[in-house]
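> Coordinates in target16.txt, compact mmCIF, C-alpha atoms, are listed below.
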# COMPACT_ATOMS: atom_id res chain seq x y z
CA MET A 1 -0.01 -13.18 -30.67
CA LYS A 2 2.79 -11.04 -29.27
CA GLN A 3 0.56 -7.95 -29.08
CA SER A 4 -2.09 -9.94 -27.24
CA LEU A 5 0.55 -11.15 -24.77
CA ILE A 6 1.77 -7.58 -24.21
CA GLN A 7 -1.75 -6.31 -23.53
CA SER A 8 -2.59 -9.16 -21.15
CA SER A 9 0.77 -8.66 -19.39
CA ILE A 10 0.12 -4.93 -18.91
CA LEU A 11 -3.28 -5.69 -17.38
CA SER A 12 -1.82 -8.45 -15.20
CA VAL A 13 0.91 -6.12 -13.91
CA ALA A 14 -1.65 -3.36 -13.23
CA LEU A 15 -3.90 -5.69 -11.25
CA ALA A 16 -0.94 -7.16 -9.37
CA ILE A 17 0.29 -3.69 -8.36
CA PHE A 18 -3.23 -2.70 -7.33
CA ALA A 19 -3.57 -5.91 -5.31
CA MET A 20 -0.19 -5.39 -3.63
CA LEU A 21 -0.70 -1.77 -2.71
CA PHE A 22 -4.40 -1.53 -1.84
CA GLY A 23 -4.36 -2.68 1.75
CA SER A 24 -5.23 -1.42 5.22
CA GLY A 25 -4.33 2.28 5.03
CA ASN A 26 -5.71 2.52 1.50
CA ILE A 27 -9.14 1.57 2.85
CA VAL A 28 -9.19 3.43 6.15
CA TYR A 29 -7.76 6.80 5.10
CA PRO A 30 -9.87 7.77 2.05
CA LEU A 31 -13.06 6.61 3.77
CA SER A 32 -12.39 8.57 6.96
CA LEU A 33 -11.23 11.52 4.86
CA GLY A 34 -14.46 11.62 2.84
CA ARG A 35 -16.58 11.26 5.96
CA ASP A 36 -14.81 14.13 7.74
CA ALA A 37 -14.64 16.39 4.66
CA GLY A 38 -18.37 16.12 3.87
CA ASN A 39 -19.34 18.70 1.25
CA MET A 40 -15.65 19.64 0.79
CA ALA A 41 -14.74 16.13 -0.39
CA ILE A 42 -13.37 17.28 -3.75
CA TYR A 43 -10.52 19.13 -2.02
CA ALA A 44 -9.82 16.16 0.24
CA MET A 45 -9.66 13.89 -2.79
CA LEU A 46 -7.21 16.16 -4.61
CA GLY A 47 -4.94 16.42 -1.59
CA PHE A 48 -5.00 12.67 -1.07
CA PHE A 49 -4.00 12.08 -4.70
CA VAL A 50 -0.81 14.10 -4.21
CA THR A 51 0.76 11.60 -1.84
CA ALA A 52 -1.34 8.44 -2.24
CA VAL A 53 -1.22 8.24 -6.06
CA THR A 54 1.56 10.50 -7.39
CA VAL A 55 4.21 9.33 -4.91
CA PRO A 56 3.84 5.57 -5.62
CA LEU A 57 3.87 6.30 -9.37
CA LEU A 58 7.19 8.11 -8.94
CA GLY A 59 8.47 5.05 -7.10
CA ILE A 60 7.32 2.69 -9.86
CA ILE A 61 9.03 4.79 -12.53
CA ALA A 62 12.24 4.97 -10.51
CA MET A 63 12.35 1.24 -9.77
CA VAL A 64 11.62 0.24 -13.38
CA LEU A 65 14.56 2.45 -14.42
CA TYR A 66 16.69 0.51 -11.92
CA ASP A 67 15.35 -2.83 -13.24
CA GLY A 68 13.77 -3.51 -9.85
CA HIS A 69 17.15 -3.73 -8.11
CA TYR A 70 16.47 -1.91 -4.86
CA GLU A 71 20.06 -2.42 -3.67
CA ALA A 72 21.37 -0.36 -6.62
CA PHE A 73 18.63 2.22 -6.05
CA PHE A 74 19.55 2.78 -2.39
CA GLU A 75 23.31 2.58 -2.91
CA THR A 76 23.08 5.97 -4.60
CA ILE A 77 23.18 7.47 -1.08
CA GLY A 78 26.18 5.32 -0.09
CA LYS A 79 26.63 1.58 0.32
CA VAL A 80 26.34 1.35 4.13
CA PRO A 81 23.65 4.05 4.51
CA GLY A 82 21.75 2.38 1.69
CA LYS A 83 21.71 -0.95 3.53
CA ILE A 84 20.55 0.76 6.73
CA VAL A 85 17.68 2.50 4.91
CA ILE A 86 16.71 -0.79 3.22
CA LEU A 87 16.56 -2.45 6.64
CA CYS A 88 14.40 0.38 8.05
CA CYS A 89 12.04 0.19 5.06
CA MET A 90 11.81 -3.58 5.31
CA LEU A 91 10.97 -3.46 9.00
CA LEU A 92 8.23 -0.93 8.26
CA ILE A 93 6.61 -2.82 5.39
CA GLY A 94 7.24 -6.12 7.14
CA PRO A 95 6.13 -7.67 10.43
CA PHE A 96 6.62 -4.55 12.57
CA CYS A 97 4.08 -2.31 10.82
CA ILE A 98 2.20 -2.84 7.58
CA ILE A 99 1.71 -6.63 7.66
CA PRO A 100 0.31 -6.65 11.23
CA ARG A 101 -1.81 -3.53 10.64
CA SER A 102 -3.29 -5.29 7.58
CA VAL A 103 -4.14 -8.31 9.74
CA SER A 104 -5.53 -6.02 12.45
CA LEU A 105 -7.78 -4.14 10.03
CA ALA A 106 -9.01 -7.40 8.51
CA HIS A 107 -9.99 -8.50 12.03
CA GLY A 108 -11.71 -5.17 12.70
CA ALA A 109 -13.77 -5.59 9.54
CA LEU A 110 -14.74 -9.21 10.17
CA SER A 111 -15.66 -8.43 13.77
CA TRP A 112 -18.64 -6.62 12.24
CA ILE A 113 -19.86 -10.12 11.30
CA PHE A 114 -18.26 -12.04 14.17
CA PRO A 115 -18.20 -9.62 17.14
CA GLN A 116 -16.95 -12.31 19.55
CA LEU A 117 -13.93 -13.27 17.42
CA PRO A 118 -10.74 -12.60 19.50
CA ILE A 119 -8.00 -10.78 17.64
CA PHE A 120 -5.39 -13.37 18.66
CA THR A 121 -7.48 -16.23 17.23
CA PHE A 122 -8.02 -14.33 14.00
CA SER A 123 -4.34 -13.34 13.76
CA LEU A 124 -3.33 -16.97 14.19
CA MET A 125 -5.68 -18.05 11.39
CA ALA A 126 -4.51 -15.16 9.19
CA THR A 127 -0.83 -16.07 9.58
CA MET A 128 -1.62 -19.67 8.67
CA ILE A 129 -3.38 -18.47 5.52
CA LEU A 130 -0.44 -16.19 4.72
CA TYR A 131 1.98 -19.08 5.06
CA THR A 132 -0.06 -21.20 2.67
CA LEU A 133 -0.26 -18.44 0.05
CA THR A 134 3.41 -17.35 0.29
CA SER A 135 5.20 -20.69 0.53
CA ARG A 136 5.55 -20.78 -3.28
CA GLN A 137 7.15 -17.54 -4.50
CA SER A 138 7.07 -18.47 -8.18
CA SER A 139 3.26 -18.32 -8.36
CA LEU A 140 2.88 -14.92 -6.65
CA LEU A 141 2.40 -12.76 -9.79
CA ASN A 142 -0.31 -15.08 -11.16
CA LEU A 143 -1.98 -15.28 -7.74
CA LEU A 144 -2.09 -11.49 -7.41
CA GLY A 145 -2.67 -10.53 -11.04
CA LYS A 146 -5.20 -13.18 -12.06
CA ILE A 147 -7.08 -14.06 -8.87
CA LEU A 148 -6.74 -11.74 -5.86
CA GLY A 149 -6.34 -8.48 -7.82
CA PRO A 150 -9.53 -8.86 -9.92
CA LEU A 151 -11.47 -10.18 -6.89
CA LYS A 152 -10.43 -7.21 -4.78
CA LEU A 153 -11.26 -4.72 -7.55
CA PHE A 154 -14.67 -6.31 -8.19
CA LEU A 155 -15.70 -6.25 -4.53
CA LEU A 156 -14.59 -2.65 -4.01
CA SER A 157 -16.24 -1.48 -7.24
CA ALA A 158 -19.58 -3.04 -6.26
CA ILE A 159 -19.74 -0.90 -3.12
CA ILE A 160 -18.61 2.29 -4.86
CA ILE A 161 -21.00 1.95 -7.82
CA LYS A 162 -23.96 1.37 -5.54
CA GLY A 163 -22.93 4.41 -3.48
CA PHE A 164 -23.25 6.73 -6.46
CA PHE A 165 -26.92 5.81 -6.88
CA VAL A 166 -27.88 6.61 -3.31
CA ALA A 167 -29.09 10.11 -2.47
CA ALA A 168 -26.24 12.28 -1.21
CA ASN A 169 -26.44 13.79 2.24
CA PRO A 170 -22.95 15.17 2.96
CA ALA A 171 -22.26 16.95 6.23
CA VAL A 172 -21.26 20.61 6.09
CA CYS A 173 -17.52 20.90 6.71
CA THR A 174 -16.35 23.99 8.60
CA LEU A 175 -12.62 23.51 7.91
CA SER A 176 -10.79 25.78 5.47
CA ILE A 177 -9.66 24.47 2.08
CA PRO A 178 -5.92 24.66 2.98
CA THR A 179 -6.60 22.71 6.19
CA ILE A 180 -8.48 19.99 4.32
CA LEU A 181 -5.76 19.76 1.66
CA GLY A 182 -3.08 19.52 4.34
CA GLN A 183 -4.89 16.78 6.25
CA ALA A 184 -5.48 14.83 3.03
CA ILE A 185 -1.83 15.07 2.00
CA LEU A 186 -0.73 13.79 5.43
CA LEU A 187 -3.18 10.89 5.28
CA GLY A 188 -1.83 10.02 1.83
CA TYR A 189 1.58 9.64 3.45
CA GLY A 190 0.05 7.14 5.84
CA THR A 191 -0.63 4.61 3.07
CA LEU A 192 3.18 4.09 2.89
CA ASP A 193 2.79 2.77 -0.67
CA LEU A 194 6.16 4.14 -1.77
CA LEU A 195 7.87 1.71 0.61
CA GLY A 196 6.03 -1.19 -0.95
CA VAL A 197 6.78 -0.08 -4.50
CA PHE A 198 10.53 -0.11 -3.83
CA PHE A 199 10.39 -3.84 -3.19
CA PHE A 200 7.32 -5.01 -5.14
CA THR A 201 8.72 -3.90 -8.48
CA ASN A 202 11.36 -6.61 -8.52
CA ILE A 203 8.67 -9.29 -7.98
CA ILE A 204 6.70 -7.81 -10.89
CA LEU A 205 9.69 -7.70 -13.23
CA VAL A 206 10.89 -11.22 -12.36
CA GLY A 207 7.40 -12.65 -12.91
CA LEU A 208 7.01 -10.65 -16.12
CA LYS A 209 10.33 -11.86 -17.54
CA ARG A 210 9.41 -15.44 -16.70
CA LYS A 211 6.04 -15.05 -18.39
CA THR A 212 7.49 -13.51 -21.59
CA ASN A 213 10.66 -15.61 -21.66
CA ASN A 214 9.80 -17.47 -24.90
CA GLN A 215 8.21 -14.55 -26.74
CA ASN A 216 11.35 -12.81 -28.09
CA LEU A 217 10.73 -9.64 -26.10
CA ASP A 218 13.81 -7.58 -25.34
CA ASN A 219 14.46 -5.80 -22.04
CA LYS A 220 13.10 -2.48 -23.31
CA GLN A 221 9.77 -4.09 -24.20
CA VAL A 222 9.59 -5.80 -20.81
CA PHE A 223 10.35 -2.50 -19.05
CA ALA A 224 7.72 -0.74 -21.17
CA ILE A 225 5.13 -3.36 -20.15
CA ALA A 226 6.08 -2.93 -16.49
CA LEU A 227 5.89 0.87 -16.73
CA GLN A 228 2.53 0.90 -18.53
CA GLY A 229 1.18 -1.66 -16.10
CA GLY A 230 2.42 0.47 -13.21
CA LEU A 231 0.72 3.58 -14.56
CA LEU A 232 -2.52 1.66 -15.10
CA GLY A 233 -2.25 0.26 -11.57
CA GLY A 234 -1.83 3.81 -10.25
CA LEU A 235 -4.91 4.88 -12.21
CA LEU A 236 -6.92 2.05 -10.64
CA LEU A 237 -5.79 3.19 -7.20
CA GLY A 238 -6.86 6.75 -7.99
CA VAL A 239 -10.30 5.69 -9.25
CA VAL A 240 -11.01 3.62 -6.13
CA TYR A 241 -9.72 6.39 -3.85
CA ALA A 242 -11.97 8.92 -5.57
CA GLY A 243 -14.93 6.57 -5.25
CA PHE A 244 -14.26 5.97 -1.56
CA VAL A 245 -13.88 9.66 -0.73
CA ILE A 246 -17.02 10.70 -2.62
CA VAL A 247 -19.28 7.85 -1.45
CA SER A 248 -18.12 8.28 2.14
CA SER A 249 -18.82 12.01 1.96
CA PHE A 250 -22.33 11.24 0.64
CA GLN A 251 -22.98 9.18 3.77
CA SER A 252 -21.02 11.37 6.19
CA MET A 253 -24.07 12.20 8.29
CA VAL A 254 -24.84 8.56 9.08
CA CYS A 255 -21.21 7.46 9.53
CA ARG A 256 -20.28 9.87 12.32
CA GLY A 257 -18.62 8.20 15.28
CA ILE A 258 -18.05 4.87 13.50
CA ASP A 259 -14.70 3.22 14.26
CA LYS A 260 -12.30 3.48 11.30
CA ASN A 261 -11.83 -0.29 11.20
CA GLN A 262 -15.55 -0.79 10.61
CA LEU A 263 -16.29 2.26 8.47
CA LEU A 264 -16.50 0.40 5.15
CA SER A 265 -18.69 -2.31 6.66
CA GLU A 266 -21.06 0.30 8.09
CA LEU A 267 -21.06 2.24 4.83
CA ALA A 268 -21.93 -0.90 2.85
CA PHE A 269 -24.64 -1.73 5.37
CA GLN A 270 -26.22 1.69 4.78
CA LEU A 271 -26.01 1.23 1.00
CA LEU A 272 -26.70 -2.48 0.52
CA GLY A 273 -28.29 -3.65 3.76
CA GLN A 274 -27.15 -6.57 5.90
CA ALA A 275 -25.76 -8.48 2.91
CA GLY A 276 -23.75 -5.41 1.93
CA GLY A 277 -22.15 -5.20 5.35
CA VAL A 278 -21.11 -8.82 5.11
CA LEU A 279 -19.79 -8.27 1.56
CA SER A 280 -17.70 -5.27 2.59
CA SER A 281 -16.24 -7.08 5.59
CA ILE A 282 -15.10 -9.87 3.29
CA THR A 283 -13.80 -7.25 0.85
CA ILE A 284 -11.64 -5.62 3.50
CA ALA A 285 -10.30 -8.98 4.67
CA VAL A 286 -9.41 -9.95 1.09
CA ALA A 287 -7.84 -6.53 0.40
CA CYS A 288 -5.73 -6.53 3.55
CA LEU A 289 -4.60 -10.14 3.34
CA THR A 290 -3.73 -9.73 -0.35
CA THR A 291 -1.34 -6.90 0.48
CA ALA A 292 0.00 -8.94 3.40
CA VAL A 293 0.74 -11.83 0.99
CA ALA A 294 3.01 -9.64 -1.13
CA LEU A 295 4.70 -8.00 1.86
CA THR A 296 5.30 -11.31 3.62
CA THR A 297 6.98 -12.72 0.52
CA VAL A 298 9.19 -9.65 0.13
CA PHE A 299 10.27 -9.54 3.77
CA ALA A 300 10.91 -13.30 4.11
CA ASP A 301 12.98 -13.26 0.91
CA TYR A 302 15.00 -10.30 2.20
CA LEU A 303 15.50 -12.00 5.56
CA SER A 304 16.75 -15.18 3.94
CA LYS A 305 18.90 -13.86 1.08
CA ASP A 306 20.14 -10.44 2.18
CA LEU A 307 20.09 -10.15 5.94
CA PHE A 308 21.18 -13.73 6.72
CA LYS A 309 23.04 -14.33 3.41
CA LYS A 310 21.14 -17.58 2.74
CA SER A 311 22.22 -19.09 6.08
CA ILE A 312 18.52 -19.67 6.77
CA SER A 313 15.96 -21.02 4.30
CA TYR A 314 13.07 -19.08 2.86
CA SER A 315 10.67 -21.32 4.81
CA LEU A 316 12.37 -20.51 8.13
CA ALA A 317 12.40 -16.81 7.25
CA LEU A 318 8.69 -17.13 6.55
CA TYR A 319 8.07 -18.63 9.98
CA ILE A 320 10.03 -15.83 11.67
CA THR A 321 8.13 -13.17 9.70
CA LEU A 322 4.74 -14.58 10.60
CA ILE A 323 5.54 -15.15 14.29
CA ILE A 324 6.54 -11.47 14.65
CA THR A 325 3.42 -10.48 12.70
CA LEU A 326 1.24 -12.54 15.04
CA PHE A 327 2.69 -10.68 18.03
CA PHE A 328 2.32 -7.13 16.67
CA ALA A 329 -1.12 -7.64 15.07
CA ASN A 330 -2.62 -7.83 18.56
CA TYR A 331 -1.81 -4.15 19.21
CA GLY A 332 -4.44 -2.94 16.74
CA PHE A 333 -4.31 -0.52 13.79
CA GLU A 334 -4.07 2.79 15.66
CA ALA A 335 -1.50 1.57 18.24
CA ILE A 336 0.76 0.17 15.51
CA MET A 337 0.74 3.46 13.61
CA GLU A 338 1.36 5.45 16.78
CA ARG A 339 4.52 3.44 17.47
CA VAL A 340 6.05 3.82 13.99
CA SER A 341 4.86 7.33 13.07
CA PRO A 342 8.06 9.11 14.28
CA VAL A 343 10.18 7.01 11.91
CA ILE A 344 7.73 7.51 9.05
CA ASN A 345 7.54 11.28 9.56
CA ILE A 346 11.32 11.58 9.35
CA LEU A 347 12.17 8.99 6.69
CA TYR A 348 9.30 9.12 4.19
CA PRO A 349 9.87 12.66 2.77
CA ALA A 350 13.55 11.83 2.21
CA LEU A 351 12.57 8.66 0.31
CA ILE A 352 10.26 10.69 -1.94
CA ALA A 353 13.14 13.07 -2.66
CA LEU A 354 15.42 10.10 -3.38
CA ALA A 355 12.94 8.61 -5.87
CA ILE A 356 12.76 11.91 -7.78
CA ALA A 357 16.55 12.36 -7.69
CA ASN A 358 17.17 8.82 -8.94
CA ILE A 359 14.76 9.31 -11.83
CA ILE A 360 16.73 12.44 -12.77
CA ARG A 361 19.95 10.45 -12.36
CA LYS A 362 18.83 7.78 -14.83
CA ILE A 363 17.19 10.02 -17.42
CA PHE A 364 19.34 13.16 -17.35
CA HIS A 365 22.54 11.69 -15.84
CA LYS A 366 22.59 14.33 -13.10
CA ASN A 367 23.57 13.04 -9.67
CA TYR A 368 21.60 14.81 -6.93
CA SER A 369 20.70 11.67 -4.96
CA LYS A 370 22.81 12.27 -1.85
CA VAL A 371 22.03 15.99 -1.70
CA ALA A 372 18.30 15.39 -2.07
CA PHE A 373 18.08 12.51 0.41
CA TYR A 374 20.30 13.88 3.18
CA GLY A 375 19.05 17.44 2.75
CA ILE A 376 15.39 16.47 3.18
CA LEU A 377 16.27 14.00 5.95
CA LEU A 378 18.06 16.71 7.93
CA ALA A 379 15.21 19.16 7.38
CA THR A 380 12.56 16.70 8.61
CA ILE A 381 14.66 15.80 11.67
CA ILE A 382 14.96 19.49 12.59
CA ILE A 383 11.25 20.13 12.00
CA ASN A 384 10.16 17.10 14.04
CA CYS A 385 12.56 17.88 16.91
CA THR A 386 11.45 21.51 16.96
CA THR A 387 7.78 20.47 16.97
CA TYR A 388 8.42 18.01 19.81
CA PHE A 389 10.29 20.42 22.10
CA PHE A 390 8.10 23.46 21.52
CA ARG A 391 4.65 21.89 21.41
Translate the structure of the given file into structure tokens.

Amino acid sequence: MKQSLIQSSILSVALAIFAMLFGSGNIVYPLSLGRDAGNMAIYAMLGFFVTAVTVPLLGIIAMVLYDGHYEAFFETIGKVPGKIVILCCMLLIGPFCIIPRSVSLAHGALSWIFPQLPIFTFSLMATMILYTLTSRQSSLLNLLGKILGPLKLFLLSAIIIKGFFVAANPAVCTLSIPTILGQAILLGYGTLDLLGVFFFTNIILVGLKRKTNNQNLDNKQVFAIALQGGLLGGLLLGVVYAGFVIVSSFQSMVCRGIDKNQLLSELAFQLLGQAGGVLSSITIAVACLTTAVALTTVFADYLSKDLFKKSISYSLALYITLIITLFFANYGFEAIMERVSPVINILYPALIALAIANIIRKIFHKNYSKVAFYGILLATIIINCTTYFFR
């Protein structure tokens, strides 16, 4: 009985992590990468794995070692700096970047079916759906792990599997291998999954402990379940990424010039016909809104408990989160990323370094957290400033 519970819990955690992480950037970037790489797709896929799969896995390992307590994780660089970095990360994964870009991409996909649907109308409907799905925090793990995660994986797999049985016609790519690898690594950064992992892990662990509360599992067993589930979730991400890159490269000749927001819909239309285009549009909407569900819960909880010290309720924090989301979603995917890219370019490499340093801190009891974080942060600031002034 206990072994069966452990196995089902590992699978539930894996599907929940997949559902949380696989959102807007995770759809757009591997598809556009495969299309542009053409017959060099294998190199694009390998480069994408470096940052889109390996980096989130490092984050999962680090956060499990810190029992999901992101405050303790970030305080390794100093209490006040840690709180500032948490705020920056929360704003990025919250209503100023990833949540609205998820809503925006969902609209872009569904506009393939409903071309006259205004983005504001869709954003308003999306935020109402998000409120309904996030008003009860306690049911989030079951919602993601048992319903939305499997649904998302099924829909994506249907498109990928069909794509492998269609004759390949990849475009000839004239870029060098190092150039393709570099572009793929940079696009992997754009998924921003490490930011989500920092804050999703606590939701996973809390839900997991609640689920196994009466099963006599100690903390080590719970952590082992979370870690194995995290690794399996990372594997699922990698498999879908690989499928997207390869299938998109197969159809690269017919997908030239297609807007990124509608690339999966067009790809499915080529593979499955009109019904396939409709299916993929629904798939993207489900994928994006599923990620938005998790992010909305995380940000509203942070707003209520940490930023306002429980002086506002979770429900009010939810309203604030979704109102801001509604405003920023109207900018569109590309415009949102253009506005936040300077912060991401500077902060993200330092966060990767911090995750690695904190893993070393927990396992080997060597404290390099401040040196790693501030060293990489300074280096990226210098590089970005130099690039800006001498371009």
> Kindly provide, as a PyMOL selection string, the polymer residues lying within 9 Å of (-2.1, 6.8, 6.3), counting only C-alpha atoms and using the coordinates exactly as they appear in the file.
chain A and resi 24-26+28-30+52+186-192+337
> Go ahead and dump the residues you just picked, C-alpha atoms, as a PDB file, in the frame of the given file.

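So the final result, stored in result_17.pdb, reads:
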ATOM      1  CA  SER A  24      -5.230  -1.420   5.220  1.00  0.00           C
ATOM      2  CA  GLY A  25      -4.330   2.280   5.030  1.00  0.00           C
ATOM      3  CA  ASN A  26      -5.710   2.520   1.500  1.00  0.00           C
ATOM      4  CA  VAL A  28      -9.190   3.430   6.150  1.00  0.00           C
ATOM      5  CA  TYR A  29      -7.760   6.800   5.100  1.00  0.00           C
ATOM      6  CA  PRO A  30      -9.870   7.770   2.050  1.00  0.00           C
ATOM      7  CA  ALA A  52      -1.340   8.440  -2.240  1.00  0.00           C
ATOM      8  CA  LEU A 186      -0.730  13.790   5.430  1.00  0.00           C
ATOM      9  CA  LEU A 187      -3.180  10.890   5.280  1.00  0.00           C
ATOM     10  CA  GLY A 188      -1.830  10.020   1.830  1.00  0.00           C
ATOM     11  CA  TYR A 189       1.580   9.640   3.450  1.00  0.00           C
ATOM     12  CA  GLY A 190       0.050   7.140   5.840  1.00  0.00           C
ATOM     13  CA  THR A 191      -0.630   4.610   3.070  1.00  0.00           C
ATOM     14  CA  LEU A 192       3.180   4.090   2.890  1.00  0.00           C
ATOM     15  CA  MET A 337       0.740   3.460  13.610  1.00  0.00           C
TER      16      MET A 337
END
> Extract, using only C-alpha atoms, all DNA, RNA and protein residues at most 9 Å from Ile282 in chain A, discarding same-chain residues fewer than 2 positions from it, and format them as a PyMOL selection string.
chain A and resi 106+109-110+155+277-280+284-287
> Could you give me, as a list in words, the residues within 10 Å of range 116-120 of chain A, counting all atoms listed in the file and dropping anything in the same chain fewer than 4 positions from it?
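Here the answer would be Val103, Ser104, Ala106, His107, Gly108, Leu110, Ser111, Trp112, Leu124, Met125, Ala126, Leu326, Phe327, Ala329, Asn330, Tyr331 and Gly332 of chain A.
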> Please write as number ranges by chain the list of polymer residues whose atoms come within 9 Å of (-18.2, 7.8, 7.0), counting only C-alpha atoms and keeping to the coordinates of the file.
A: 31-36, 38, 247-258, 260, 263-264, 266-267
> When distances are computed from all atoms listed in the file, which of A:Phe73, A:Phe96, A:Tyr368, A:Phe223 shows the smallest separation from Phe328 in chain A?
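The answer is A:Phe96, which sits nearest to Phe328 in chain A.
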> Quick one: distance from CA of Ala184 in chain A to CA of Ala242 in chain A in Å, one decimal?
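Separation between CA of Ala184 in chain A and CA of Ala242 in chain A: 12.3 Å.
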> Of the candidates A:Pro178, A:Gly238, A:Gly273, A:Gly230, which shows the shortest atom-to-atom distance to Ala62 in chain A, using all atoms listed in the file?
A:Gly230
> How would range 4-26 of chain A read, as a PDB file, keeping the file's coordinate frame, once N, CA and C atoms are built in?

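Result went into rebuild_14.pdb, see below:
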ATOM      1  N   SER A   4      -1.121  -9.464 -28.223  1.00  0.00           N
ATOM      2  CA  SER A   4      -2.090  -9.940 -27.240  1.00  0.00           C
ATOM      3  C   SER A   4      -1.401 -10.247 -25.915  1.00  0.00           C
ATOM      4  N   LEU A   5      -0.202 -10.844 -25.983  1.00  0.00           N
ATOM      5  CA  LEU A   5       0.550 -11.150 -24.770  1.00  0.00           C
ATOM      6  C   LEU A   5       0.947  -9.868 -24.046  1.00  0.00           C
ATOM      7  N   ILE A   6       1.368  -8.854 -24.803  1.00  0.00           N
ATOM      8  CA  ILE A   6       1.770  -7.580 -24.210  1.00  0.00           C
ATOM      9  C   ILE A   6       0.596  -6.934 -23.482  1.00  0.00           C
ATOM     10  N   GLN A   7      -0.575  -6.926 -24.136  1.00  0.00           N
ATOM     11  CA  GLN A   7      -1.750  -6.310 -23.530  1.00  0.00           C
ATOM     12  C   GLN A   7      -2.191  -7.049 -22.258  1.00  0.00           C
ATOM     13  N   SER A   8      -2.187  -8.377 -22.330  1.00  0.00           N
ATOM     14  CA  SER A   8      -2.590  -9.160 -21.150  1.00  0.00           C
ATOM     15  C   SER A   8      -1.563  -8.989 -20.024  1.00  0.00           C
ATOM     16  N   SER A   9      -0.277  -8.837 -20.396  1.00  0.00           N
ATOM     17  CA  SER A   9       0.770  -8.660 -19.390  1.00  0.00           C
ATOM     18  C   SER A   9       0.647  -7.303 -18.713  1.00  0.00           C
ATOM     19  N   ILE A  10       0.319  -6.264 -19.480  1.00  0.00           N
ATOM     20  CA  ILE A  10       0.120  -4.930 -18.910  1.00  0.00           C
ATOM     21  C   ILE A  10      -1.020  -4.960 -17.899  1.00  0.00           C
ATOM     22  N   LEU A  11      -2.131  -5.604 -18.274  1.00  0.00           N
ATOM     23  CA  LEU A  11      -3.280  -5.690 -17.380  1.00  0.00           C
ATOM     24  C   LEU A  11      -2.942  -6.512 -16.137  1.00  0.00           C
ATOM     25  N   SER A  12      -2.196  -7.603 -16.336  1.00  0.00           N
ATOM     26  CA  SER A  12      -1.820  -8.450 -15.200  1.00  0.00           C
ATOM     27  C   SER A  12      -0.929  -7.695 -14.230  1.00  0.00           C
ATOM     28  N   VAL A  13       0.028  -6.923 -14.759  1.00  0.00           N
ATOM     29  CA  VAL A  13       0.910  -6.120 -13.910  1.00  0.00           C
ATOM     30  C   VAL A  13       0.106  -5.062 -13.163  1.00  0.00           C
ATOM     31  N   ALA A  14      -0.821  -4.403 -13.859  1.00  0.00           N
ATOM     32  CA  ALA A  14      -1.650  -3.360 -13.230  1.00  0.00           C
ATOM     33  C   ALA A  14      -2.460  -3.927 -12.074  1.00  0.00           C
ATOM     34  N   LEU A  15      -3.085  -5.071 -12.299  1.00  0.00           N
ATOM     35  CA  LEU A  15      -3.900  -5.690 -11.250  1.00  0.00           C
ATOM     36  C   LEU A  15      -3.047  -6.200 -10.097  1.00  0.00           C
ATOM     37  N   ALA A  16      -1.843  -6.697 -10.427  1.00  0.00           N
ATOM     38  CA  ALA A  16      -0.940  -7.160  -9.370  1.00  0.00           C
ATOM     39  C   ALA A  16      -0.488  -6.003  -8.495  1.00  0.00           C
ATOM     40  N   ILE A  17      -0.133  -4.876  -9.119  1.00  0.00           N
ATOM     41  CA  ILE A  17       0.290  -3.690  -8.360  1.00  0.00           C
ATOM     42  C   ILE A  17      -0.867  -3.181  -7.506  1.00  0.00           C
ATOM     43  N   PHE A  18      -2.056  -3.126  -8.098  1.00  0.00           N
ATOM     44  CA  PHE A  18      -3.230  -2.700  -7.330  1.00  0.00           C
ATOM     45  C   PHE A  18      -3.449  -3.626  -6.136  1.00  0.00           C
ATOM     46  N   ALA A  19      -3.355  -4.930  -6.381  1.00  0.00           N
ATOM     47  CA  ALA A  19      -3.570  -5.910  -5.310  1.00  0.00           C
ATOM     48  C   ALA A  19      -2.525  -5.771  -4.214  1.00  0.00           C
ATOM     49  N   MET A  20      -1.272  -5.532  -4.608  1.00  0.00           N
ATOM     50  CA  MET A  20      -0.190  -5.390  -3.630  1.00  0.00           C
ATOM     51  C   MET A  20      -0.349  -4.151  -2.777  1.00  0.00           C
ATOM     52  N   LEU A  21      -0.709  -3.052  -3.406  1.00  0.00           N
ATOM     53  CA  LEU A  21      -0.700  -1.770  -2.710  1.00  0.00           C
ATOM     54  C   LEU A  21      -1.988  -1.477  -1.943  1.00  0.00           C
ATOM     55  N   PHE A  22      -3.130  -1.933  -2.454  1.00  0.00           N
ATOM     56  CA  PHE A  22      -4.400  -1.530  -1.840  1.00  0.00           C
ATOM     57  C   PHE A  22      -4.681  -2.393  -0.629  1.00  0.00           C
ATOM     58  N   GLY A  23      -4.206  -1.928   0.519  1.00  0.00           N
ATOM     59  CA  GLY A  23      -4.360  -2.680   1.750  1.00  0.00           C
ATOM     60  C   GLY A  23      -5.054  -1.872   2.828  1.00  0.00           C
ATOM     61  N   SER A  24      -4.554  -1.981   4.049  1.00  0.00           N
ATOM     62  CA  SER A  24      -5.230  -1.420   5.220  1.00  0.00           C
ATOM     63  C   SER A  24      -5.380   0.101   5.161  1.00  0.00           C
ATOM     64  N   GLY A  25      -4.266   0.820   5.041  1.00  0.00           N
ATOM     65  CA  GLY A  25      -4.330   2.280   5.030  1.00  0.00           C
ATOM     66  C   GLY A  25      -5.089   2.820   3.842  1.00  0.00           C
ATOM     67  N   ASN A  26      -5.038   2.083   2.718  1.00  0.00           N
ATOM     68  CA  ASN A  26      -5.710   2.520   1.500  1.00  0.00           C
ATOM     69  C   ASN A  26      -7.223   2.438   1.624  1.00  0.00           C
TER      70      ASN A  26
END
